[in-house]
Amino acid sequence: MTLTAAVTKKASDPDVVAMAQNLSLKCPLSYMRLKKPVRGIGCSHIQCFDATSYLQLQEQGPQWLCPVCNKPAPYEQLAVDE
């Protein structure tokens, strides 16, 4: 299931109530504006992080964990948020 399909499925759930949510356009790693927003396909949040910042961090000390939720987010499981 693609990330878009997963979000759409959750949005169509009758038990889910839509509420306002603020979404930051700054990367939680670099605190700079997102240039290439990504998130792990196993993540359930909508907040993204910058791909370049994330990959640079992995070069220094590879852990491959999402900086938002700490779930595994290896390179092969990163999805670009269009």
# chains A, B, ... in the order shown; residues from 1 in each chain; ligands from 1
call {"tool": "residues_around", "arguments": {"residues": "stretch 64-75 of chain A", "least_positions_apart": "2", "cutoff": "10 Å", "atoms": "only C-alpha atoms", "output": "list in words"}}
result
Cys27, Pro28, Leu29, Arg39, Gly40, Ile41, Gly42, Cys43, Ser44, His45, Ile46, Gln47, Cys48, Phe49, Ala51, Tyr54, Leu55, Leu57, Gln58, Gly61, Pro62, Gln77, Leu78 and Ala79 of chain A
call {"tool": "select_by_dssp", "arguments": {"residues": "chain A", "states": "helix (DSSP H, G or I)", "output": "list in words"}}
result
Leu3, Thr4, Ala5, Ala6, Val7, Thr8, Lys9, Lys10, Ala11, Ala51, Thr52, Ser53, Tyr54, Leu55, Gln56, Leu57, Gln58, Glu59, Gln60, Tyr75, Glu76 and Gln77 of chain A
call {"tool": "select_by_dssp", "arguments": {"residues": "chain A", "states": "strand (DSSP E or B)", "output": "list in words"}}
result
Lys26, Arg33, Pro37, Val38, Arg39, Gly40, Phe49, Asp50, Leu65, Pro72, Leu78, Ala79 and Val80 of chain A
call {"tool": "write_last_selection", "arguments": {"atoms": "N, CA and C atoms", "output": "CSV table (one decimal), in the first residue's frame"}}
result
chain,number,residue,atom,x,y,z
A,26,LYS,N,9.7,22.9,8.6
A,26,LYS,CA,11.1,22.8,8.9
A,26,LYS,C,11.5,21.4,9.3
A,33,ARG,N,14.2,24.8,6.3
A,33,ARG,CA,13.0,24.5,5.5
A,33,ARG,C,13.2,23.2,4.7
A,37,PRO,N,11.1,16.6,1.1
A,37,PRO,CA,10.4,16.0,2.3
A,37,PRO,C,10.2,14.5,2.1
A,38,VAL,N,10.6,13.7,3.1
A,38,VAL,CA,10.4,12.3,3.1
A,38,VAL,C,10.0,11.8,4.5
A,39,ARG,N,9.5,10.6,4.5
A,39,ARG,CA,9.2,9.9,5.8
A,39,ARG,C,9.3,8.4,5.5
A,40,GLY,N,9.4,7.6,6.5
A,40,GLY,CA,9.5,6.2,6.4
A,40,GLY,C,8.1,5.6,6.1
A,49,PHE,N,10.7,14.9,7.2
A,49,PHE,CA,12.0,15.4,7.4
A,49,PHE,C,12.7,15.5,6.1
A,50,ASP,N,13.8,16.2,6.1
A,50,ASP,CA,14.5,16.5,4.8
A,50,ASP,C,15.4,15.3,4.5
A,65,LEU,N,16.8,5.4,11.9
A,65,LEU,CA,15.6,5.6,12.6
A,65,LEU,C,14.9,6.9,12.3
A,72,PRO,N,12.1,2.2,12.5
A,72,PRO,CA,13.1,2.0,11.5
A,72,PRO,C,12.7,2.7,10.2
A,78,LEU,N,12.2,4.8,2.5
A,78,LEU,CA,11.8,6.2,2.5
A,78,LEU,C,10.9,6.6,1.3
A,79,ALA,N,9.9,7.4,1.6
A,79,ALA,CA,8.9,7.8,0.6
A,79,ALA,C,9.0,9.3,0.5
A,80,VAL,N,9.1,9.8,-0.7
A,80,VAL,CA,9.1,11.3,-0.9
A,80,VAL,C,7.6,11.7,-0.8
call {"tool": "atom_distance", "arguments": {"atom1": "atom CA of A:Ser53", "atom2": "atom CA of A:Gln21"}}
result
24.4 Å
call {"tool": "atom_distance", "arguments": {"atom1": "atom CA of A:Gln63", "atom2": "atom CA of A:Leu25"}}
result
23.7 Å
call {"tool": "atom_distance", "arguments": {"atom1": "atom CA of A:Leu34", "atom2": "atom CA of A:Met19"}}
result
23.8 Å
call {"tool": "decode", "arguments": {"residues": "stretch 12-36 of chain A", "atoms": "N, CA and C atoms", "output": "compact mmCIF listing (two decimals), in the first residue's frame"}}
result
# COMPACT_ATOMS: atom_id res chain seq x y z
N SER A 12 -10.79 8.17 5.27
CA SER A 12 -12.16 7.74 4.97
C SER A 12 -12.77 6.92 6.09
N ASP A 13 -12.06 6.70 7.17
CA ASP A 13 -12.56 5.95 8.32
C ASP A 13 -13.65 6.77 9.01
N PRO A 14 -14.88 6.22 9.16
CA PRO A 14 -15.98 6.99 9.77
C PRO A 14 -15.75 7.30 11.25
N ASP A 15 -14.84 6.58 11.89
CA ASP A 15 -14.57 6.82 13.31
C ASP A 15 -13.54 7.91 13.53
N VAL A 16 -12.96 8.41 12.45
CA VAL A 16 -11.94 9.44 12.57
C VAL A 16 -12.58 10.81 12.36
N VAL A 17 -12.30 11.72 13.27
CA VAL A 17 -12.85 13.07 13.17
C VAL A 17 -11.73 14.01 12.73
N ALA A 18 -11.99 14.77 11.68
CA ALA A 18 -11.00 15.72 11.18
C ALA A 18 -10.90 16.92 12.10
N MET A 19 -9.68 17.24 12.46
CA MET A 19 -9.42 18.39 13.31
C MET A 19 -8.28 19.18 12.68
N ALA A 20 -8.11 20.38 13.08
CA ALA A 20 -7.01 21.19 12.57
C ALA A 20 -5.69 20.65 13.11
N GLN A 21 -4.67 20.69 12.27
CA GLN A 21 -3.36 20.24 12.70
C GLN A 21 -2.31 21.13 12.04
N ASN A 22 -1.41 21.66 12.85
CA ASN A 22 -0.31 22.45 12.32
C ASN A 22 0.80 21.51 11.88
N LEU A 23 1.36 21.80 10.73
CA LEU A 23 2.42 20.97 10.19
C LEU A 23 3.60 21.87 9.87
N SER A 24 4.72 21.58 10.47
CA SER A 24 5.90 22.40 10.28
C SER A 24 6.57 22.10 8.94
N LEU A 25 7.05 23.13 8.28
CA LEU A 25 7.80 22.98 7.04
C LEU A 25 9.30 22.97 7.30
N LYS A 26 9.68 22.87 8.58
CA LYS A 26 11.09 22.81 8.94
C LYS A 26 11.45 21.37 9.30
N CYS A 27 12.64 20.98 8.90
CA CYS A 27 13.15 19.64 9.19
C CYS A 27 13.47 19.53 10.67
N PRO A 28 13.03 18.45 11.34
CA PRO A 28 13.34 18.29 12.76
C PRO A 28 14.82 18.00 13.02
N LEU A 29 15.58 17.71 11.98
CA LEU A 29 17.02 17.45 12.13
C LEU A 29 17.85 18.71 11.95
N SER A 30 17.59 19.44 10.86
CA SER A 30 18.41 20.60 10.53
C SER A 30 17.76 21.93 10.92
N TYR A 31 16.47 21.91 11.22
CA TYR A 31 15.68 23.11 11.53
C TYR A 31 15.67 24.10 10.37
N MET A 32 15.94 23.59 9.17
CA MET A 32 15.87 24.40 7.95
C MET A 32 14.63 23.96 7.18
N ARG A 33 14.18 24.81 6.26
CA ARG A 33 13.01 24.49 5.46
C ARG A 33 13.24 23.20 4.66
N LEU A 34 12.22 22.37 4.60
CA LEU A 34 12.29 21.10 3.86
C LEU A 34 12.52 21.36 2.38
N LYS A 35 13.50 20.69 1.80
CA LYS A 35 13.74 20.78 0.36
C LYS A 35 13.24 19.52 -0.33
N LYS A 36 13.50 18.35 0.27
CA LYS A 36 13.03 17.07 -0.26
C LYS A 36 12.37 16.33 0.90
